[in-house]
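What follows is one structure encoded as structure tokens, with my remarks underneath.
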Amino acid sequence: MTPFDLTGKVAVVTGGNGGIGLAIACGLARAGADVVVVGRNAAKNERAVREIGVLGRTAHALVADLGIADGCREAIAGAAAIHGRLDILVNNAGTNIRKPPQDYTLQEWQTVIDTNLTGVFVCCQAAYPHLKAAAHGKIINIGSMTSIFGASFAAPYSASKGAVVQLTRALASAWARDNIQVNALLPGWIDTDLTRRARVEVPGLHERVEARTPAGRWGLPEDLAGTAVFLASPASDFVTGVALPVDGGYSIQA
Ligand code: NDP
């Protein structure tokens with residue numbers, strides 16, 4: 001037993017069928033957790049289950065749209081029902097629509113907020129009774145550099161990711177006496193489908209990120225796995241309400 005051991009724990013990773021979520025799901029499985037991933041795309045879900053499954057723990061996937069409150073509730077209930085318990089919730093599913101703020105329709109604003117913020121809140125609410133029943137619980141919310149900085153081409157995304165940090169702090173203080181720790185990871189610029197699209201839509205982004213990041217490179221999804229295991233494990237039992245950048249130093253650069 002190391003303080004990072006997750007043997008016997010059940011983890012749900014939303015958006016765990018690709019990108020950062022899949023890397024976190026694999027990290028948790030390597031540390032011993034049984035994993036349930038949630039995503040909209042059934043084919044991606046199946047591939048993720050195969051990838052996680054070879055790591056020696058059980059892997060399941062549920063199809064759900066987490067931009068809809070009932071989708072969140074059903075996904076968490078379904079995940080908890082698989083093993084009859086739930087110990088770890090990683091709220092990773094997220095989306096972005098990039099354009100100047102004056103051009104968003106209300107529907108576009110709502111789509112981003114529903115997925116990135118309301119979905120996180122509803123998943124946390126739905127998970128709470130299970131985490132409380134387990135007498136310990138870990139929630140990891142995925143923020144962003146836009147939790148700290150503004151992005152001229154991502155107003156609803158920035159608003160949602162800033163709010164996720166404050167939601168993390170509110171839940172951390174509310175549920176600390178239930179022995180549930182709630183923390184956030186703030187990824188820097190990570191090479192995934194999401195940012196591959198951004199690099200097409202935002203000219204010069206690739207080079208700007210490389211130049212500004214002290215580590216001199218874009219992050220890989222796997223860069224998030226270690227901190228996620230830490231925040232999911234007994235090693236972080238006295239850490240709550242924290243928003244931890246995993247960014248190669250991007251956020252400390254003037
Ligand atoms: P990807 O686009 O690769 O993955 C996004 C994931 O979210 C997919 O698994 C997708 O599943 C899922 N998802 C999106 N919308 C929904 C929805 N309505 N219901 C259910 N699942 C949904 O992006 P990343 O891996 O890059 O992003 C993961 C998280 O990290 C996001 O919260 C993102 O904001 C955040 N982040 C990413 C950064 C980066 O540089 N890549 C930087 C900072 C934060 P499916 O396709 O099946 O719907």
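If you're wondering about the labels, chains in the structure tokens are A, B, ... by order shown, residues count from 1 in each chain, ligands from 1 in order shown.
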Let me see if you get this right: every residue at most 8 Å from ligand 1, counting only C-alpha atoms and all ligand atoms, written as number ranges by chain. A: 14-22, 38-42, 44-45, 63-68, 91-96, 115-116, 142-146, 157, 161, 186-195, 219, 221
Would you list the contacts of Arg50 of chain A as a ChimeraX atom specification, taking every protein, DNA or RNA residue within 12 Å and counting only C-alpha atoms, but skipping same-chain residues closer than 3 positions in sequence? /A:17,22,25-26,35,37,43-47,53-61
Written file, previous selection with all heavy atoms, as a CSV table (one decimal), in the first residue's frame:
```
chain,number,residue,atom,x,y,z
A,17,ASN,N,-13.5,9.3,-22.5
A,17,ASN,CA,-13.3,8.5,-23.7
A,17,ASN,C,-12.3,9.0,-24.7
A,17,ASN,O,-12.0,8.5,-25.8
A,17,ASN,CB,-14.6,8.3,-24.4
A,17,ASN,CG,-15.2,9.6,-25.0
A,17,ASN,OD1,-14.5,10.6,-25.1
A,17,ASN,ND2,-16.5,9.5,-25.4
A,22,LEU,N,-9.3,10.5,-20.9
A,22,LEU,CA,-8.8,9.2,-21.1
A,22,LEU,C,-7.5,9.0,-20.4
A,22,LEU,O,-7.2,7.9,-19.8
A,22,LEU,CB,-8.7,8.8,-22.6
A,22,LEU,CG,-8.2,7.4,-22.9
A,22,LEU,CD1,-9.1,6.3,-22.2
A,22,LEU,CD2,-8.2,7.2,-24.4
A,25,ALA,N,-8.2,8.7,-16.8
A,25,ALA,CA,-8.9,7.4,-16.5
A,25,ALA,C,-7.8,6.3,-16.5
A,25,ALA,O,-7.8,5.4,-15.6
A,25,ALA,CB,-9.9,7.1,-17.6
A,26,CYS,N,-6.9,6.3,-17.4
A,26,CYS,CA,-5.8,5.3,-17.5
A,26,CYS,C,-4.9,5.4,-16.2
A,26,CYS,O,-4.5,4.4,-15.6
A,26,CYS,CB,-4.9,5.4,-18.7
A,26,CYS,SG,-5.8,4.9,-20.2
A,35,VAL,N,-12.8,1.8,-13.3
A,35,VAL,CA,-13.1,3.1,-13.9
A,35,VAL,C,-14.4,3.0,-14.7
A,35,VAL,O,-14.6,2.0,-15.4
A,35,VAL,CB,-12.0,3.6,-14.8
A,35,VAL,CG1,-12.3,4.9,-15.5
A,35,VAL,CG2,-10.7,3.8,-13.9
A,37,VAL,N,-16.2,5.5,-17.6
A,37,VAL,CA,-16.1,6.7,-18.4
A,37,VAL,C,-17.5,7.1,-18.9
A,37,VAL,O,-18.3,6.2,-19.2
A,37,VAL,CB,-15.1,6.6,-19.5
A,37,VAL,CG1,-13.7,6.3,-19.0
A,37,VAL,CG2,-15.5,5.6,-20.6
A,43,ALA,N,-18.8,5.0,-30.0
A,43,ALA,CA,-17.6,4.3,-30.5
A,43,ALA,C,-16.3,4.7,-29.7
A,43,ALA,O,-15.5,3.9,-29.4
A,43,ALA,CB,-17.4,4.7,-32.0
A,44,LYS,N,-16.2,6.0,-29.4
A,44,LYS,CA,-15.1,6.4,-28.5
A,44,LYS,C,-15.1,5.8,-27.2
A,44,LYS,O,-14.1,5.4,-26.6
A,44,LYS,CB,-15.1,8.0,-28.4
A,44,LYS,CG,-14.6,8.7,-29.6
A,44,LYS,CD,-14.8,10.3,-29.4
A,44,LYS,CE,-14.1,10.9,-28.3
A,44,LYS,NZ,-14.4,12.4,-28.2
A,45,ASN,N,-16.3,5.6,-26.6
A,45,ASN,CA,-16.5,4.9,-25.3
A,45,ASN,C,-15.9,3.5,-25.4
A,45,ASN,O,-15.2,3.1,-24.5
A,45,ASN,CB,-18.0,4.9,-24.9
A,45,ASN,CG,-18.5,6.2,-24.3
A,45,ASN,OD1,-17.7,7.1,-24.2
A,45,ASN,ND2,-19.7,6.1,-23.9
A,46,GLU,N,-16.3,2.8,-26.5
A,46,GLU,CA,-15.8,1.4,-26.6
A,46,GLU,C,-14.3,1.3,-26.7
A,46,GLU,O,-13.7,0.5,-26.1
A,46,GLU,CB,-16.5,0.8,-27.9
A,46,GLU,CG,-17.8,0.2,-27.6
A,46,GLU,CD,-18.5,-0.3,-28.9
A,46,GLU,OE1,-17.7,-0.8,-29.8
A,46,GLU,OE2,-19.7,-0.1,-29.1
A,47,ARG,N,-13.7,2.2,-27.5
A,47,ARG,CA,-12.3,2.2,-27.6
A,47,ARG,C,-11.6,2.5,-26.3
A,47,ARG,O,-10.6,1.9,-25.9
A,47,ARG,CB,-11.8,3.3,-28.7
A,47,ARG,CG,-12.0,2.9,-30.1
A,47,ARG,CD,-11.1,3.7,-31.1
A,47,ARG,NE,-11.5,5.1,-31.0
A,47,ARG,CZ,-12.5,5.6,-31.8
A,47,ARG,NH1,-13.2,4.9,-32.6
A,47,ARG,NH2,-12.8,6.9,-31.7
A,53,GLY,N,-9.2,-1.2,-20.1
A,53,GLY,CA,-9.3,-2.6,-19.7
A,53,GLY,C,-8.0,-3.4,-19.7
A,53,GLY,O,-7.9,-4.3,-18.8
A,54,VAL,N,-7.1,-3.1,-20.5
A,54,VAL,CA,-5.8,-3.9,-20.5
A,54,VAL,C,-4.9,-3.5,-19.4
A,54,VAL,O,-3.9,-4.2,-19.2
A,54,VAL,CB,-5.0,-3.7,-21.9
A,54,VAL,CG1,-5.8,-4.1,-23.1
A,54,VAL,CG2,-4.6,-2.2,-22.0
A,55,LEU,N,-5.3,-2.5,-18.6
A,55,LEU,CA,-4.5,-2.1,-17.4
A,55,LEU,C,-4.7,-3.0,-16.2
A,55,LEU,O,-4.1,-2.7,-15.1
A,55,LEU,CB,-4.7,-0.6,-17.2
A,55,LEU,CG,-4.3,0.3,-18.3
A,55,LEU,CD1,-4.7,1.7,-18.1
A,55,LEU,CD2,-2.8,0.2,-18.7
A,56,GLY,N,-5.7,-3.9,-16.3
A,56,GLY,CA,-5.8,-4.9,-15.2
A,56,GLY,C,-7.0,-4.6,-14.2
A,56,GLY,O,-7.2,-5.3,-13.3
A,57,ARG,N,-7.7,-3.5,-14.5
A,57,ARG,CA,-8.9,-3.2,-13.6
A,57,ARG,C,-10.1,-3.2,-14.5
A,57,ARG,O,-10.0,-3.2,-15.8
A,57,ARG,CB,-8.8,-1.8,-13.0
A,57,ARG,CG,-7.5,-1.5,-12.2
A,57,ARG,CD,-7.2,-2.5,-11.1
A,57,ARG,NE,-8.4,-2.7,-10.3
A,57,ARG,CZ,-8.5,-3.6,-9.3
A,57,ARG,NH1,-7.4,-4.3,-9.0
A,57,ARG,NH2,-9.6,-3.7,-8.6
A,58,THR,N,-11.3,-3.2,-14.0
A,58,THR,CA,-12.5,-3.2,-14.8
A,58,THR,C,-12.7,-1.8,-15.4
A,58,THR,O,-12.4,-0.8,-14.7
A,58,THR,CB,-13.7,-3.6,-14.0
A,58,THR,OG1,-14.1,-2.6,-13.1
A,58,THR,CG2,-13.5,-4.9,-13.3
A,59,ALA,N,-13.2,-1.8,-16.6
A,59,ALA,CA,-13.6,-0.5,-17.2
A,59,ALA,C,-15.0,-0.6,-17.8
A,59,ALA,O,-15.3,-1.6,-18.5
A,59,ALA,CB,-12.6,-0.2,-18.3
A,60,HIS,N,-15.8,0.4,-17.6
A,60,HIS,CA,-17.1,0.4,-18.2
A,60,HIS,C,-17.3,1.8,-18.8
A,60,HIS,O,-16.6,2.8,-18.5
A,60,HIS,CB,-18.2,0.2,-17.1
A,60,HIS,CG,-18.2,-1.2,-16.6
A,60,HIS,ND1,-17.4,-1.5,-15.5
A,60,HIS,CD2,-19.0,-2.2,-16.9
A,60,HIS,CE1,-17.6,-2.8,-15.2
A,60,HIS,NE2,-18.6,-3.3,-16.0
A,61,ALA,N,-18.3,1.9,-19.7
A,61,ALA,CA,-18.6,3.2,-20.3
A,61,ALA,C,-20.1,3.4,-20.3
A,61,ALA,O,-20.9,2.5,-20.5
A,61,ALA,CB,-18.0,3.3,-21.7
```
Using the chain letters and numbers from this document, which residues of segment 157-225 of chain A does DSSP assign to helix (DSSP H, G or I), as an NGL selection string? :A and (157-178 or 193-201 or 205-212 or 221-225)
Which residues of segment 176-240 of chain A sit at most 10 Å from segment 76-89 of chain A, using only C-alpha atoms? Give each one's shortest atom pair and distance in Å (one decimal place), in chain and ascending residue order, as a Markdown table.
```
| residue | atom | partner | partner_atom | distance |
| --- | --- | --- | --- | --- |
| A:Ile180 | CA | A:Asp87 | CA | 9.3 |
| A:Gln181 | CA | A:Ile88 | CA | 9.7 |
| A:Val182 | CA | A:Leu89 | CA | 9.4 |
| A:Leu231 | CA | A:Ile88 | CA | 9.5 |
| A:Ala232 | CA | A:Ile88 | CA | 6.4 |
| A:Ser233 | CA | A:Ile88 | CA | 9.0 |
```
Spatial neighbours of Ala126 of chain A, max dist 9 Å, only C-alpha atoms, sep filter under 3 positions, as an NGL selection string: :A and (72-74 or 76-77 or 121-123 or 129-130)
I need the residue nearest Ala172 of chain A from this list: A:Gly226, A:Gly204, A:Gly241, A:Gly249. Use only C-alpha atoms for the distance.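 Comparing A:Gly226, A:Gly204, A:Gly241, A:Gly249 against Ala172 of chain A, the winner is A:Gly241.
Between Cys124 of chain A and the residues A:Leu167, A:Ile252, A:Val112, A:Ala23, the shortest atom-to-atom distance, using only C-alpha atoms, involves A:Leu167.
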